[in-house]
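Note: the block below is coords18.csv and it holds CSV, C-alpha atoms and all ligand atoms.
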```
chain,number,residue,atom,x,y,z
A,58,MET,CA,102.6,131.2,109.8
A,59,LYS,CA,100.1,128.3,110.2
A,60,VAL,CA,101.3,124.8,109.5
A,61,LEU,CA,99.5,121.4,109.4
A,62,VAL,CA,101.6,118.2,109.6
A,63,ILE,CA,99.9,114.9,108.9
A,64,GLY,CA,101.7,111.9,110.5
A,65,ALA,CA,103.8,113.6,113.2
A,66,SER,CA,104.1,111.2,116.1
A,67,ARG,CA,107.8,110.5,115.3
A,68,GLY,CA,110.6,110.7,112.7
A,69,ILE,CA,110.5,113.3,110.0
A,70,GLY,CA,106.9,114.5,110.7
A,71,HIS,CA,107.7,115.1,114.4
A,72,GLU,CA,110.8,117.0,113.4
A,73,PHE,CA,108.7,119.3,111.1
A,74,VAL,CA,106.6,120.1,114.2
A,75,ARG,CA,109.6,120.7,116.4
A,76,GLN,CA,111.3,123.1,113.9
A,77,TYR,CA,108.2,125.0,112.9
A,78,ARG,CA,107.3,125.5,116.6
A,79,GLU,CA,110.9,126.6,117.4
A,80,ALA,CA,110.5,129.2,114.6
A,81,GLY,CA,107.3,130.5,116.4
A,82,ASP,CA,104.8,129.1,113.9
A,83,ALA,CA,101.3,127.8,114.9
A,84,VAL,CA,101.3,124.1,114.2
A,85,THR,CA,98.4,121.6,114.1
A,86,ALA,CA,99.7,118.0,113.8
A,87,SER,CA,98.3,114.5,113.7
A,88,ALA,CA,99.0,111.3,115.5
A,89,ARG,CA,97.2,107.9,115.8
A,90,ASP,CA,97.6,107.2,119.5
A,91,ASP,CA,97.5,108.9,122.9
A,92,ALA,CA,101.3,108.8,123.3
A,93,GLY,CA,101.8,110.5,119.9
A,94,LEU,CA,99.2,113.1,120.7
A,95,GLU,CA,100.9,113.9,124.0
A,96,ARG,CA,104.3,114.3,122.4
A,97,LEU,CA,102.8,116.8,120.0
A,98,ARG,CA,101.1,118.7,122.9
A,99,ARG,CA,104.5,118.9,124.6
A,100,LEU,CA,105.9,120.7,121.6
A,101,GLY,CA,103.1,123.2,121.8
A,102,ALA,CA,101.3,121.9,118.7
A,103,THR,CA,97.5,121.5,118.5
A,104,PRO,CA,97.1,117.7,118.2
A,105,ILE,CA,94.5,115.9,116.1
A,106,ARG,CA,93.9,112.2,115.9
A,107,LEU,CA,94.0,110.8,112.4
A,108,ASP,CA,94.7,107.4,110.8
A,109,VAL,CA,94.9,108.1,107.0
A,110,ALA,CA,94.3,104.4,106.3
A,111,ASP,CA,91.1,104.3,108.2
A,112,THR,CA,88.0,105.3,106.2
A,113,ALA,CA,86.0,106.9,109.1
A,114,SER,CA,89.1,108.7,110.6
A,115,ALA,CA,90.4,110.0,107.2
A,116,SER,CA,87.0,111.3,106.1
A,117,GLY,CA,86.7,113.2,109.4
A,118,LEU,CA,89.8,115.3,108.8
A,119,ALA,CA,87.9,118.2,107.2
A,120,TRP,CA,85.9,119.1,110.3
A,121,GLN,CA,89.0,118.9,112.5
A,122,ILE,CA,90.8,121.5,110.4
A,123,ASP,CA,87.9,123.6,109.1
A,124,GLY,CA,88.8,127.2,108.9
A,125,GLY,CA,92.5,126.5,109.7
A,126,GLY,CA,93.9,128.9,107.2
A,127,PHE,CA,97.1,127.0,106.9
A,128,ASP,CA,100.0,128.4,104.9
A,129,VAL,CA,101.7,125.0,104.7
A,130,GLY,CA,100.3,121.5,104.7
A,131,ILE,CA,102.7,118.6,105.0
A,132,VAL,CA,101.5,115.0,104.2
A,133,ASN,CA,104.1,112.9,105.8
A,134,ALA,CA,102.4,109.7,107.0
A,135,GLY,CA,103.9,106.6,105.3
A,136,VAL,CA,104.9,103.1,105.8
A,137,SER,CA,107.7,101.0,104.3
A,138,ALA,CA,107.5,97.5,102.8
A,139,ALA,CA,109.8,94.5,102.6
A,140,SER,CA,112.9,95.2,100.5
A,141,GLY,CA,114.4,92.7,98.2
A,142,ALA,CA,116.0,92.5,94.7
A,143,GLY,CA,114.0,91.9,91.5
A,144,LEU,CA,110.3,91.9,91.1
A,145,THR,CA,108.5,90.0,93.9
A,146,ALA,CA,104.7,89.8,94.4
A,147,PRO,CA,103.7,91.1,97.8
A,148,THR,CA,101.1,89.3,99.9
A,149,GLU,CA,97.6,90.9,99.6
A,150,ASP,CA,97.8,92.1,103.2
A,151,ASP,CA,101.1,93.9,102.6
A,152,PHE,CA,99.8,95.4,99.3
A,153,ASP,CA,96.7,96.7,101.1
A,154,ARG,CA,98.6,98.1,104.1
A,155,VAL,CA,101.2,99.9,102.0
A,156,MET,CA,98.9,101.2,99.2
A,157,ARG,CA,96.2,102.3,101.7
A,158,THR,CA,98.7,104.3,103.7
A,159,ASN,CA,101.0,105.7,101.0
A,160,VAL,CA,98.5,106.2,98.2
A,161,LEU,CA,94.8,106.1,99.4
A,162,GLY,CA,95.7,108.1,102.5
A,163,PRO,CA,97.1,111.1,100.6
A,164,MET,CA,94.2,110.9,98.0
A,165,ARG,CA,91.8,111.2,100.9
A,166,VAL,CA,93.5,114.0,102.9
A,167,ILE,CA,94.9,116.3,100.2
A,168,PRO,CA,91.5,117.6,98.9
A,169,GLN,CA,90.5,118.3,102.6
A,170,ILE,CA,93.7,120.1,103.3
A,171,VAL,CA,93.3,122.3,100.2
A,172,GLU,CA,89.9,123.5,101.6
A,173,ALA,CA,91.6,124.6,104.8
A,174,LEU,CA,94.5,126.4,103.1
A,175,ALA,CA,95.1,130.2,103.2
A,176,PRO,CA,95.3,131.8,99.8
A,177,GLY,CA,98.7,130.9,98.2
A,178,GLY,CA,99.1,127.9,100.5
A,179,ARG,CA,101.6,125.1,99.8
A,180,ILE,CA,101.2,121.3,100.2
A,181,ALA,CA,104.4,119.2,100.5
A,182,VAL,CA,104.0,115.4,100.3
A,183,LEU,CA,106.6,113.0,101.5
A,184,SER,CA,107.3,110.7,98.6
A,185,SER,CA,110.7,109.0,98.0
A,186,ARG,CA,113.4,108.9,95.3
A,187,MET,CA,112.6,105.2,95.3
A,188,GLY,CA,109.4,106.1,93.5
A,189,SER,CA,111.3,107.8,90.7
A,190,ILE,CA,110.9,105.8,87.5
A,191,GLY,CA,113.2,108.2,85.5
A,192,SER,CA,116.2,107.6,87.8
A,193,ARG,CA,115.8,103.9,88.3
A,194,THR,CA,118.6,101.6,87.2
A,195,SER,CA,117.8,98.3,89.0
A,196,ALA,CA,114.8,96.4,90.3
A,197,GLY,CA,113.9,95.9,94.0
A,198,SER,CA,111.7,97.0,96.8
A,199,SER,CA,108.9,96.8,94.3
A,200,LEU,CA,105.9,97.4,96.5
A,201,TYR,CA,107.3,100.5,98.3
A,202,ARG,CA,108.5,101.9,94.9
A,203,ALA,CA,105.1,101.3,93.3
A,204,SER,CA,103.4,103.1,96.2
A,205,LYS,CA,105.6,106.1,95.9
A,206,ALA,CA,105.4,106.2,92.1
A,207,ALA,CA,101.6,106.1,92.5
A,208,LEU,CA,101.8,108.8,95.1
A,209,ASN,CA,103.8,111.0,92.7
A,210,SER,CA,101.0,110.6,90.2
A,211,VAL,CA,98.5,111.8,92.9
A,212,VAL,CA,100.6,114.8,93.7
A,213,LYS,CA,100.9,115.7,90.0
A,214,ASP,CA,97.1,115.5,89.6
A,215,ALA,CA,96.6,117.6,92.8
A,216,SER,CA,98.9,120.3,91.3
A,217,LEU,CA,96.7,120.4,88.2
A,218,ALA,CA,93.3,120.0,90.0
A,219,PHE,CA,94.1,122.8,92.5
A,220,VAL,CA,96.0,125.2,90.2
A,221,GLY,CA,95.8,128.7,91.5
A,222,ARG,CA,94.7,127.5,94.9
A,223,ALA,CA,97.6,125.5,96.1
A,224,VAL,CA,101.2,124.8,95.2
A,225,CYS,CA,101.6,121.0,95.5
A,226,ILE,CA,105.0,119.2,95.4
A,227,SER,CA,106.6,115.8,96.1
A,228,PHE,CA,109.7,115.5,98.3
A,229,HIS,CA,112.5,113.0,98.7
A,230,PRO,CA,113.6,113.7,102.3
A,231,GLY,CA,117.0,112.1,101.8
A,232,TRP,CA,117.9,108.8,103.4
A,233,VAL,CA,117.2,109.8,106.9
A,234,ARG,CA,118.0,108.3,110.3
A,235,THR,CA,114.5,107.4,111.6
A,236,ASP,CA,112.7,104.2,112.5
A,237,MET,CA,112.1,103.8,108.8
A,238,GLY,CA,115.4,104.9,107.5
A,239,GLY,CA,117.5,103.0,110.1
A,240,SER,CA,120.6,104.1,112.0
A,241,GLY,CA,122.9,103.7,109.1
A,242,ALA,CA,121.1,106.3,106.9
A,243,ASP,CA,122.9,109.3,105.4
A,244,ILE,CA,121.5,112.3,107.3
A,245,ASP,CA,119.7,113.2,110.5
A,246,VAL,CA,116.2,114.4,110.7
A,247,ALA,CA,117.2,118.0,111.5
A,248,THR,CA,119.3,118.3,108.3
A,249,SER,CA,116.5,116.7,106.2
A,250,VAL,CA,113.7,118.9,107.7
A,251,SER,CA,115.6,122.2,107.7
A,252,GLY,CA,116.4,121.6,104.0
A,253,MET,CA,112.8,120.8,103.1
A,254,ARG,CA,111.6,123.9,105.1
A,255,ARG,CA,114.0,126.1,103.1
A,256,VAL,CA,112.6,124.6,99.8
A,257,ILE,CA,109.0,125.1,101.0
A,258,ALA,CA,109.7,128.7,102.0
A,259,GLY,CA,111.0,129.4,98.5
A,260,LEU,CA,108.3,127.7,96.5
A,261,VAL,CA,106.6,129.7,93.7
A,262,PRO,CA,103.5,128.8,91.7
A,263,GLY,CA,105.6,127.5,88.8
A,264,ASP,CA,107.1,124.8,91.1
A,265,SER,CA,103.7,123.2,91.6
A,266,GLY,CA,103.7,119.6,90.3
A,267,GLY,CA,107.5,119.2,90.9
A,268,PHE,CA,109.5,116.5,92.6
A,269,PHE,CA,112.4,117.8,94.8
A,270,ASP,CA,115.2,116.5,96.9
A,271,TYR,CA,115.4,117.9,100.5
A,272,ASP,CA,118.1,120.3,99.2
A,273,GLY,CA,115.9,121.6,96.4
A,274,LYS,CA,117.4,119.6,93.5
A,275,VAL,CA,114.8,118.5,90.9
A,276,ILE,CA,114.3,114.7,90.8
A,277,PRO,CA,113.0,113.0,87.6
A,278,TRP,CA,109.6,111.5,87.9
B,301,LIG,N1,113.5,107.9,106.5
B,301,LIG,C1,113.8,107.8,105.2
B,301,LIG,O1,115.0,107.6,104.9
B,301,LIG,C2,112.8,108.1,104.1
B,301,LIG,C3,113.3,108.1,102.8
B,301,LIG,C4,112.4,108.4,101.8
B,301,LIG,C5,111.0,108.7,102.1
B,301,LIG,N2,110.6,108.7,103.4
B,301,LIG,C6,109.2,109.0,103.6
B,301,LIG,O2,109.1,110.1,104.6
B,301,LIG,C7,107.9,109.9,105.4
B,301,LIG,C8,108.3,109.8,106.9
B,301,LIG,O3,109.3,108.8,107.1
B,301,LIG,P1,110.0,108.5,108.5
B,301,LIG,O4,111.3,108.0,108.2
B,301,LIG,O5,109.8,109.6,109.4
B,301,LIG,O6,109.1,107.2,109.0
B,301,LIG,P2,108.7,106.7,110.4
B,301,LIG,O7,109.8,107.1,111.4
B,301,LIG,O8,108.4,105.3,110.3
B,301,LIG,O9,107.4,107.5,110.8
B,301,LIG,C9,106.3,107.4,110.0
B,301,LIG,C10,105.2,108.3,110.5
B,301,LIG,O10,104.0,108.1,109.7
B,301,LIG,C11,102.9,107.8,110.6
B,301,LIG,N3,101.9,106.9,110.0
B,301,LIG,C12,102.1,105.7,109.5
B,301,LIG,N4,101.0,105.1,109.1
B,301,LIG,C13,100.0,106.1,109.3
B,301,LIG,C14,98.6,106.1,109.1
B,301,LIG,N5,97.9,105.1,108.6
B,301,LIG,N6,97.9,107.3,109.5
B,301,LIG,C15,98.6,108.3,110.1
B,301,LIG,N7,99.9,108.3,110.3
B,301,LIG,C16,100.6,107.2,109.9
B,301,LIG,C17,103.6,107.2,111.8
B,301,LIG,O11,102.7,107.2,112.9
B,301,LIG,P3,102.6,106.0,114.0
B,301,LIG,O12,103.7,106.4,115.1
B,301,LIG,O13,101.2,106.1,114.6
B,301,LIG,O14,103.0,104.7,113.4
B,301,LIG,C18,104.8,108.0,112.0
B,301,LIG,O15,104.5,109.3,112.6
B,301,LIG,C19,107.3,108.6,104.9
B,301,LIG,O16,106.2,108.9,104.0
B,301,LIG,C20,108.4,107.9,104.2
B,301,LIG,O17,108.0,107.0,103.2
B,301,LIG,C21,111.5,108.4,104.4
```
Exercise: express the given structure as structure tokens:
Amino acid sequence: MKVLVIGASRGIGHEFVRQYREAGDAVTASARDDAGLERLRRLGATPIRLDVADTASASGLAWQIDGGGFDVGIVNAGVSAASGAGLTAPTEDDFDRVMRTNVLGPMRVIPQIVEALAPGGRIAVLSSRMGSIGSRTSAGSSLYRASKAALNSVVKDASLAFVGRAVCISFHPGWVRTDMGGSGADIDVATSVSGMRRVIAGLVPGDSGGFFDYDGKVIPW
């Protein structure tokens, strides 16, 4: 199988690369700096340099993956934002940083990945349960939640725009022990990623446009 992972220098993205490589799959994966590219090379992946928030870099993805014939594309790159209760207005800089990475980035790269997919290919996008409006019971972390809710809208549009060409889904990876999730999170990266790999392997066209937990449970939008 051929796999593409966007945002794989560390954390969940890096673990996707490690597990797919361990399973014998051919993996192309992106990082933003030399150290991240070297870590991917050491796992036996083909490294590509990509910053999804940078216009020139993101628009150059297509030629880097042209003819890839990927069976699976994983859009993992994301950043967190300040947490806090209630509704607080972010600074413009924070708004731009989070929305450019978590929303504009996937809007830029998903159409380019679709062009490089094999027939029947799947695209899994790392969203978050914090983006779910349907399961929300209290206010807080408004900027991060808004970015992931917007990302979910992008994934739903992708599922409709590319119907018959790609199965597109959103994932909540669980609360995972990474730089972003912190050391007190519920699960380790291996558990999160092995669960998501199982879900990806079992996807059928009717799942496109869905929002799933790492263990396959459906999450309300
Ligand atoms: N951990 C959790 O509990 C949790 C829960 C829900 C959802 N998620 C989502 O899961 C995804 C991965 O989270 P994580 O915990 O693995 O986070 P992480 O440890 O902070 O890693 C984030 C990854 O995204 C990359 N990235 C950030 N900005 C980028 C950009 N502009 N262009 C390309 N790559 C970029 C980082 O690369 P650099 O090394 O270059 O910064 C890094 O590889 C994120 O989308 C996150 O929102 C995580």
Would you kindly return, as a ChimeraX atom specification, each protein, DNA or RNA residue with an atom no farther than 12 Å from any atom of Val160 (chain A), considering only C-alpha atoms and excluding same-chain residues fewer than 4 positions away? /A:109-110,132-136,152-156,164-167,182-184,188,200-212
What does the distance from atom O16 of ligand LIG 301 (chain B) to CA of Ser185 (chain A) come to in Å, to one decimal? 7.5 Å
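Counting all atoms listed in the file and comparing A:Asp91, A:Asp236, A:Asp272, A:Asp82, the residue that lies closest to Met253 (chain A) is A:Asp272.
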Please identify all polymer residues lying at most 10 Å from the point (103.2, 122.0, 121.9) (file coordinates), using all atoms listed in the file, and present the result as a PDB file with C-alpha atoms, in the coordinates of the input.
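Once written, part.pdb looks like this:
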```
ATOM      1  CA  VAL A  74     106.600 120.100 114.200  1.00  0.00           C
ATOM      2  CA  ARG A  75     109.600 120.700 116.400  1.00  0.00           C
ATOM      3  CA  ARG A  78     107.300 125.500 116.600  1.00  0.00           C
ATOM      4  CA  ALA A  83     101.300 127.800 114.900  1.00  0.00           C
ATOM      5  CA  VAL A  84     101.300 124.100 114.200  1.00  0.00           C
ATOM      6  CA  THR A  85      98.400 121.600 114.100  1.00  0.00           C
ATOM      7  CA  ALA A  86      99.700 118.000 113.800  1.00  0.00           C
ATOM      8  CA  LEU A  94      99.200 113.100 120.700  1.00  0.00           C
ATOM      9  CA  GLU A  95     100.900 113.900 124.000  1.00  0.00           C
ATOM     10  CA  ARG A  96     104.300 114.300 122.400  1.00  0.00           C
ATOM     11  CA  LEU A  97     102.800 116.800 120.000  1.00  0.00           C
ATOM     12  CA  ARG A  98     101.100 118.700 122.900  1.00  0.00           C
ATOM     13  CA  ARG A  99     104.500 118.900 124.600  1.00  0.00           C
ATOM     14  CA  LEU A 100     105.900 120.700 121.600  1.00  0.00           C
ATOM     15  CA  GLY A 101     103.100 123.200 121.800  1.00  0.00           C
ATOM     16  CA  ALA A 102     101.300 121.900 118.700  1.00  0.00           C
ATOM     17  CA  THR A 103      97.500 121.500 118.500  1.00  0.00           C
ATOM     18  CA  PRO A 104      97.100 117.700 118.200  1.00  0.00           C
TER      19      PRO A 104
END
```
Show which residues sit within 8 Å of Arg106 (chain A), as a ChimeraX atom specification. Count all atoms listed in the file, and ignore same-chain residues fewer than 2 positions away. /A:87-90,94,104,108,114
Restricting the calculation to all atoms listed in the file, which member of A:Ile105, A:Ala218, A:Ile69, A:Ala146 is positioned closest to Arg234 (chain A)?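 The closest residue to Arg234 (chain A) is A:Ile69.
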Between CA of Ile226 (chain A) and CA of Ser189 (chain A), what distance in Å does the model show, to one decimal?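 Those two atoms sit 13.8 Å apart.
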Between CA of Ala115 (chain A) and CA of Leu161 (chain A), what is the distance in Å, rounded to a tenth?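 About the pair CA of Ala115 (chain A) and CA of Leu161 (chain A): they are 9.8 Å apart.
Nearest residue to Gly162 (chain A), choosing from A:Val256, A:Leu107, A:Ala175, A:Val250 and counting all atoms listed in the file: A:Leu107.
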Taking all atoms listed in the file into account, which of A:Gln121, A:Thr145, A:Ser216, A:Ser249 comes nearest ligand LIG 301 (chain B)?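 Under the stated criterion, the closest residue is A:Ser249.
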If you count all atoms listed in the file, the residue of A:Pro168, A:Gly197, A:Gly117, A:Gly93 closest to Gly143 (chain A) turns out to be A:Gly197
I'd like the contact shell of Asp123 (chain A) - 9 Å cut-off, only C-alpha atoms, skipping same-chain residues fewer than 2 positions apart - returned as number ranges by chain. A: 118-121, 125-126, 169-170, 172-173
So, with all atoms listed in the file as the atoms that count, which of A:Val246, A:Ala92, A:Ala65, A:Leu144 lies closest to ligand LIG 301 (chain B)? A:Ala65
Polymer residues at most 6 Å from (98.4, 124.1, 98.3) by all atoms listed in the file, as a count of residues only: 7
